[in-house]
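J.: Pasting in a structure now, in structure tokens, and then I'll have a few things to ask.
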Amino acid sequence: MLLHPTALEAATTTGGFLLVLSIVVPVSGVLLAFVLGDRYVRLVAFAVVPLGLAIAAATLAILPQSDGPLVYLLGAWPPPLGVALRGDGLSAVMLATTALVISAIAVFATTDFCPAAAETRAPFAFWVLLLAIWGALNTIFIGGDLFTLYVALELLTFAAVPLVSLDGRAETLRAALRYLIFALLGSVLYLLGTALLYGLYGTLDIVLLSRRVSAEAAALVAAALMTTGLLAKTALFPLHLWLPPAHAGAPAAASAILSGLVVKGSFFIIIRLWFNVMPALPGFAATQLLATMGTAAIVFGSVVALWQERLKLLIAYSTLAQIGYLFLMFPLAFDASGRLESDEALAGGLLQAVSHATAKAAMFMAVGSIYVALGHDRITELRGIARARPMSLLAFALGGIALMGVPPSGASLAKDLLLQAAEESGQWWWAVVLQAGGMFTAAYVVLVLAHALAGSDVSIAVTGPASRNQDLAALALALCSLLLGLVPWDPYLPVPFGTAPKVFGIESLSKLLLPVLGGAVLAILLSPWPHPLASSTTWKALASAARPLRRAGIEFGRLVERSDDVLRQWPMAGISLLVVALLLAALMLAAN
Amino acid sequence: MSSVTVFGLCAAAAVGLGLYGLITNPQPLRKIIAFNLLGSGVFLLFGIIGRRGAAAGFGNDPVPQALVITGVVVAFSATALAIALLLRLFQTAGSTTLRSGAPTGAGPDPSGD
């Protein structure tokens with residue numbers, strides 16, 4: 001079995017060196033950049049990017065031929081004495097996604113972060129941090145030991161925080177500091193959990209732990225603490241106080257990394273913890289709690305996104321909603337007695353993470369180009385951008401469509417898998433949330449497109465020429481996300497044969513229309529912004545009929561936005577953190 | 001009461017105080033100090049875990065010591081990064097409050113410059 005390795009390996013497997021290379025290459029890039037200095041930093045990055053892509057591709061190619069995960073034992077010491085690196089199907093998929101997204105971002109950032117053009121240190125910092133994030137993420141994906149994962153998680157945070165404040169303005173520095181302190185709180189909770197687990201079982205190796213772990217109170221408390229810490233780093237609602245300002249304030253390329261990749265790191269460790277370390281322990285109630293928080297994240301993130309004035313903040317809140325979507329897989333993967341039942345749900349969750357990584361990075365990049373063109377990113381003043389920057393808007397639209405779950409996107413395949421798991425386990429309420437999540441996603445995409453595509457009489461002032469590199473990078477990533485459903489996943493993820501979506505047909509048409517129509521209705525009801533179309537006479541007739549509904553929608557939106565403001569206050573977020581930890585621990589203890 | 005229990009209680013107290021400080025103190029510098037206290041509590045816990053191995057007749061367990069040293073290095077670099085950010089914030093904004101108000105202030109406002 002690819003996903004649940006239980007045999008303890010005694011030696012490094014063939015191809016295990018690829019795992020080491022995937023960490024060593026980006027890290028040596030960082031060191032080399034420091035030696036060679038400002039002038040050559042971009043060259044170093046562009047030497048590392050193809051190498052990293054090749055390593056990820058080789059891992060993908062070798063894994064199906066090996067009859068288990070790829071393993072590398074550091075210093076040939078087997079666990080528990082030594083530390084192992086393991087690459088299974090999940091790791092291979094995430095390694096490849098990361099390599100792909102990083103390459104696209106590197107292409108996008110070529111002009112923005114040109115070392116010769118700027119006097120500041122920002123370009124140097126950006127390229128070094130890009131490589132550092134890559135190394136840290138790869139370590140998270142293949143680390144076989146909970147403490148290795150802790151160190152990698154910290155490296156990821158330390159590399160991600162300065163990206164937020166690259167431009168050195170006071171607001172972004174504040175956002176970075178908030179992010180850092182809250183992330184540190186999360187990682188200390190994770191470390192506390194690992195200390196308890198080591199004290200109980202005398203090892204932190206994932207495979208060894210999965211054999212020794214039992215439903216003791218201390219182990220469950222450790223799991224609750226670690227999960228809460230990781231949730232704080234992933235910014236699952238209501239622990240999201242740091243995410244919107246950090247993701248919206250950073251430069252476009254940095255936002256793409258933060259939103260597309262960095263939050264996936266801690267999410268991946270939660271998967272490792274719940275599916276590999278203690279597959280039977282967390283219990284049904286705890287998984288329901290995770291998915292409930294995910295549902296709240298979808299509602300809050302999407303509604304607040306519709307209320308945003310600025311496009312970047314809208315996408316930052318959309319990330320919040322999408323993070324919530326990722327957590328819907330937990331109750332679907334475990335059955336009522338808490339046993340791991342559906343590998344398809346796990347595959348669906350991971351596919352959703354992959355499609356979000358690609359699509360969201362593309363959307364942030366597209367918005368970056370739009371921002372440069374207009375000098376602002378106010379949604380209500382986007383009229384005419386379709387003529388001025390058609391490629392950027394196309395990338396944004398394709399990314400949005402991919403996220404909605406329109407076939408053949410990866411999100412659509414993920415949704416199919418999750419819906420199937422929901423049906424099999426009889427949890428129809430999560431199926432409702434899954435469909436609603438697609439509609440909410442469609443709502444903010446439709447809103448932005450409606451403003452951008454509205455006819456404009458005056459030509460808008462656009463600064464500077466469009467950068468073809470940037471548009472192509474964003475477009476390529478968006479297309480990638482849109483076509484992910486056609487990839488043969490079965491060597492890596494347990495996607496049953498025959499679920500590949502049919503692109504043409506009645507069924508796919510309904511899958512396209514359902515979220516789009518639902519999204520349009522939601523956007524009309526919940527968005528407080530006046531639309532240029534709203535002045536036409538037919539519209540006025542329609543609007544008068546729907547006025548009470550719309551008024552209720554606006555009131556609801558205002559309420560949600562206010563409570564979001566309250567929840568993002570520091571003391572409230574701290575209390576939420578403690579409550580989440582206590583609830584998780586209580587539910588796990590009650591289940592065992 | 002054995003020494004392991006005493007140290008365990010100390011670790012728990014440090015973790016609790018650190019958590020309290022981190023959540024309630026509005027000043028970032030105090031938050032950073034509270035984080036260090038919280039971290040010390042966790043490191044102390046690792047130390048006790050090493051001692052428990054010794055009580056079982058294994059000699060002192062070296063693995064938790066290695067973990068603590070790594071953890072201390074990580075916490076040190078985290079503190080250094082946080083202090084650097086804080087100093088920079090003070091130089092730029094003239095104050096160190098984290099309360100930025102509405103997130104709409106998070107991006108460059110073209111009308112402002």
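Chain lettering (A, B, ...) mirrors the order of the structure tokens, residue numbering begins at 1 for each chain separately, and ligand numbering begins at 1 in order of display.
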Show me, as an mmCIF file with N, CA and C atoms, in the first residue's frame, the residues of chain A whose atoms get within 6 Å of chain B, using only C-alpha atoms for the distance check.

T.:
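Below is the file that was written, iface-v4.cif:
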data_model
loop_
_atom_site.group_PDB
_atom_site.id
_atom_site.type_symbol
_atom_site.label_atom_id
_atom_site.label_comp_id
_atom_site.auth_asym_id
_atom_site.auth_seq_id
_atom_site.Cartn_x
_atom_site.Cartn_y
_atom_site.Cartn_z
ATOM 1 N N ALA A 170 4.923 50.176 6.915
ATOM 2 C CA ALA A 170 4.534 49.888 8.297
ATOM 3 C C ALA A 170 3.417 48.852 8.360
ATOM 4 N N GLU A 171 2.432 48.953 7.447
ATOM 5 C CA GLU A 171 1.302 48.007 7.505
ATOM 6 C C GLU A 171 1.779 46.584 7.276
ATOM 7 N N LEU A 173 4.808 45.422 7.726
ATOM 8 C CA LEU A 173 5.641 44.979 8.852
ATOM 9 C C LEU A 173 4.750 44.494 9.988
ATOM 10 N N ARG A 174 3.662 45.241 10.217
ATOM 11 C CA ARG A 174 2.720 44.855 11.256
ATOM 12 C C ARG A 174 2.098 43.492 10.928
ATOM 13 N N LEU A 192 4.956 21.000 21.902
ATOM 14 C CA LEU A 192 4.472 20.437 23.160
ATOM 15 C C LEU A 192 3.875 19.048 22.914
ATOM 16 N N ALA A 195 6.605 16.538 22.360
ATOM 17 C CA ALA A 195 7.253 16.177 23.623
ATOM 18 C C ALA A 195 6.440 15.104 24.332
ATOM 19 N N GLY A 199 7.614 11.271 25.100
ATOM 20 C CA GLY A 199 7.594 10.755 26.465
ATOM 21 C C GLY A 199 6.799 9.463 26.584
ATOM 22 N N PRO A 245 -4.414 40.361 6.133
ATOM 23 C CA PRO A 245 -3.448 41.433 5.890
ATOM 24 C C PRO A 245 -2.128 40.918 5.320
ATOM 25 N N GLY A 249 -1.203 42.169 1.597
ATOM 26 C CA GLY A 249 -0.236 43.253 1.608
ATOM 27 C C GLY A 249 1.055 42.944 0.881
ATOM 28 N N PRO A 571 -6.926 39.077 21.288
ATOM 29 C CA PRO A 571 -7.403 38.272 22.425
ATOM 30 C C PRO A 571 -8.469 37.259 22.009
ATOM 31 N N GLY A 574 -6.808 34.348 20.394
ATOM 32 C CA GLY A 574 -6.149 33.512 21.399
ATOM 33 C C GLY A 574 -7.152 32.634 22.118
#

J.: As an NGL selection string, please: every residue in chain B that DSSP puts in helix (DSSP H, G or I).

T.: :B and (3-24 or 28-55 or 62-93 or 103-106 or 110-112)

J.: When you draw a straight line from CA of Gln427 in chain A to CA of Ala345 in chain A, how long is it in Å?

T.: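 Calculated distance between CA of Gln427 in chain A and CA of Ala345 in chain A is 12.6 Å.
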
J.: Using only C-alpha atoms, which protein or nucleic acid residues come within 6 Å of range 451-453 of chain A? Drop anything in the same chain fewer than 6 positions from it, and give the result as a list in words.

T.: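 The contact residues come out as Leu382, Arg383, Ile385 and Ala386 of chain A.
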
J.: Which residues are close to Thr227 in chain A, i.e. within 10 Å by only C-alpha atoms, leaving aside same-chain residues fewer than 3 positions away? Reply as a list in words.

T.: Gly186, Leu189, Tyr190, Gly193, Val221, Ala222, Ala223, Ala224, Leu230, Leu231, Ala232, Lys233, Ser266, Phe267, Ile269, Ile270, Ile271, Leu273, Trp274, Leu290, Val580, Ala581, Leu584 and Ala585 of chain A

J.: With N, CA and C atoms kept, could you save the residues just selected as an mmCIF file, in the first residue's frame?

T.:
data_model
loop_
_atom_site.group_PDB
_atom_site.id
_atom_site.type_symbol
_atom_site.label_atom_id
_atom_site.label_comp_id
_atom_site.auth_asym_id
_atom_site.auth_seq_id
_atom_site.Cartn_x
_atom_site.Cartn_y
_atom_site.Cartn_z
ATOM 1 N N GLY A 186 1.473 28.688 17.381
ATOM 2 C CA GLY A 186 1.080 27.407 16.805
ATOM 3 C C GLY A 186 2.190 26.383 16.880
ATOM 4 N N LEU A 189 2.756 24.912 20.356
ATOM 5 C CA LEU A 189 1.758 23.885 20.688
ATOM 6 C C LEU A 189 2.115 22.555 20.022
ATOM 7 N N TYR A 190 2.566 22.637 18.751
ATOM 8 C CA TYR A 190 2.973 21.418 18.047
ATOM 9 C C TYR A 190 4.138 20.754 18.768
ATOM 10 N N GLY A 193 3.111 18.931 21.835
ATOM 11 C CA GLY A 193 2.531 17.639 21.478
ATOM 12 C C GLY A 193 3.601 16.598 21.189
ATOM 13 N N VAL A 221 -4.354 14.025 23.983
ATOM 14 C CA VAL A 221 -4.099 15.441 24.270
ATOM 15 C C VAL A 221 -2.994 15.952 23.355
ATOM 16 N N ALA A 222 -1.952 15.124 23.187
ATOM 17 C CA ALA A 222 -0.860 15.517 22.290
ATOM 18 C C ALA A 222 -1.395 15.757 20.889
ATOM 19 N N ALA A 223 -2.256 14.847 20.412
ATOM 20 C CA ALA A 223 -2.805 15.005 19.062
ATOM 21 C C ALA A 223 -3.618 16.284 18.962
ATOM 22 N N ALA A 224 -4.418 16.576 20.010
ATOM 23 C CA ALA A 224 -5.237 17.788 19.977
ATOM 24 C C ALA A 224 -4.355 19.031 19.940
ATOM 25 N N LEU A 230 -1.167 23.350 14.327
ATOM 26 C CA LEU A 230 -1.094 23.342 12.865
ATOM 27 C C LEU A 230 -2.252 24.111 12.248
ATOM 28 N N LEU A 231 -3.428 24.053 12.891
ATOM 29 C CA LEU A 231 -4.575 24.818 12.383
ATOM 30 C C LEU A 231 -4.273 26.312 12.437
ATOM 31 N N ALA A 232 -3.597 26.742 13.529
ATOM 32 C CA ALA A 232 -3.252 28.159 13.636
ATOM 33 C C ALA A 232 -2.330 28.552 12.494
ATOM 34 N N LYS A 233 -1.415 27.655 12.117
ATOM 35 C CA LYS A 233 -0.490 27.967 11.018
ATOM 36 C C LYS A 233 -1.170 27.885 9.671
ATOM 37 N N SER A 266 1.572 23.258 6.474
ATOM 38 C CA SER A 266 1.025 22.814 7.758
ATOM 39 C C SER A 266 -0.193 21.911 7.544
ATOM 40 N N PHE A 267 -0.952 22.159 6.463
ATOM 41 C CA PHE A 267 -2.077 21.273 6.153
ATOM 42 C C PHE A 267 -1.583 19.851 5.904
ATOM 43 N N ILE A 269 1.034 18.428 7.161
ATOM 44 C CA ILE A 269 1.422 17.769 8.420
ATOM 45 C C ILE A 269 0.177 17.289 9.163
ATOM 46 N N ILE A 270 -0.929 18.043 9.085
ATOM 47 C CA ILE A 270 -2.171 17.559 9.697
ATOM 48 C C ILE A 270 -2.578 16.235 9.052
ATOM 49 N N ILE A 271 -2.458 16.140 7.725
ATOM 50 C CA ILE A 271 -2.778 14.879 7.039
ATOM 51 C C ILE A 271 -1.888 13.758 7.563
ATOM 52 N N LEU A 273 -0.426 13.540 10.396
ATOM 53 C CA LEU A 273 -0.757 13.239 11.785
ATOM 54 C C LEU A 273 -2.027 12.401 11.876
ATOM 55 N N TRP A 274 -3.055 12.785 11.142
ATOM 56 C CA TRP A 274 -4.352 12.121 11.278
ATOM 57 C C TRP A 274 -4.437 10.832 10.488
ATOM 58 N N LEU A 290 -13.651 19.434 12.898
ATOM 59 C CA LEU A 290 -12.767 20.024 11.890
ATOM 60 C C LEU A 290 -13.576 20.499 10.688
ATOM 61 N N VAL A 580 -10.568 25.794 20.705
ATOM 62 C CA VAL A 580 -10.427 24.725 19.705
ATOM 63 C C VAL A 580 -9.627 23.568 20.283
ATOM 64 N N ALA A 581 -8.513 23.896 20.975
ATOM 65 C CA ALA A 581 -7.676 22.830 21.553
ATOM 66 C C ALA A 581 -8.472 22.019 22.573
ATOM 67 N N LEU A 584 -11.219 19.894 20.808
ATOM 68 C CA LEU A 584 -10.638 18.744 20.102
ATOM 69 C C LEU A 584 -10.255 17.655 21.107
ATOM 70 N N ALA A 585 -9.576 18.075 22.186
ATOM 71 C CA ALA A 585 -9.135 17.094 23.185
ATOM 72 C C ALA A 585 -10.343 16.415 23.812
#

J.: Restricting the calculation to only C-alpha atoms: of B:Val72, B:Leu37, B:Ala80, B:Ala66, which residue gets closest to Cys10 in chain B?

T.: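 Selected residue with least distance to Cys10 in chain B: B:Leu37.
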
J.: Here is a test: counting only C-alpha atoms, which residue of A:Val303, A:Ala57, A:Leu332, A:Leu512 is nearest to Asp564 in chain A?

T.: A:Val303

J.: Would you kindly return, as an mmCIF file with C-alpha atoms, in the first residue's frame, each protein, DNA or RNA residue with an atom no farther than 6 Å from any atom of range 120-130 of chain A, considering only C-alpha atoms and excluding same-chain residues fewer than 3 positions away?

T.:
data_model
loop_
_atom_site.group_PDB
_atom_site.id
_atom_site.type_symbol
_atom_site.label_atom_id
_atom_site.label_comp_id
_atom_site.auth_asym_id
_atom_site.auth_seq_id
_atom_site.Cartn_x
_atom_site.Cartn_y
_atom_site.Cartn_z
ATOM 1 C CA VAL A 30 20.256 29.598 -0.840
ATOM 2 C CA ASP A 38 23.221 40.451 -5.133
ATOM 3 C CA PHE A 113 12.549 41.377 -8.775
ATOM 4 C CA PRO A 115 18.486 42.735 -8.988
ATOM 5 C CA ILE A 133 10.489 28.054 1.067
ATOM 6 C CA ALA A 159 11.075 32.097 5.122
ATOM 7 C CA LEU A 166 9.329 42.825 1.430
#

J.: Point out the residue among A:Trp77, A:Phe396, A:Phe182, A:Trp429 with the least atom-to-atom distance to Ala291 in chain A, counting only C-alpha atoms.

T.: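 Closest to Ala291 in chain A, using only C-alpha atoms: A:Trp429.
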
J.: Would you pick out the contacts of Gln322 in chain A at 9 Å or less, using only C-alpha atoms, so that residues sharing its chain but fewer than 4 positions from it are not included, and give the list as a list in words?

T.: Gly294, Ala297, Ile298, Gly301, Ser302, Tyr317, Ser318, Leu326, Gln352, Ala353, His356, Leu403, Gly437 and Thr441 of chain A
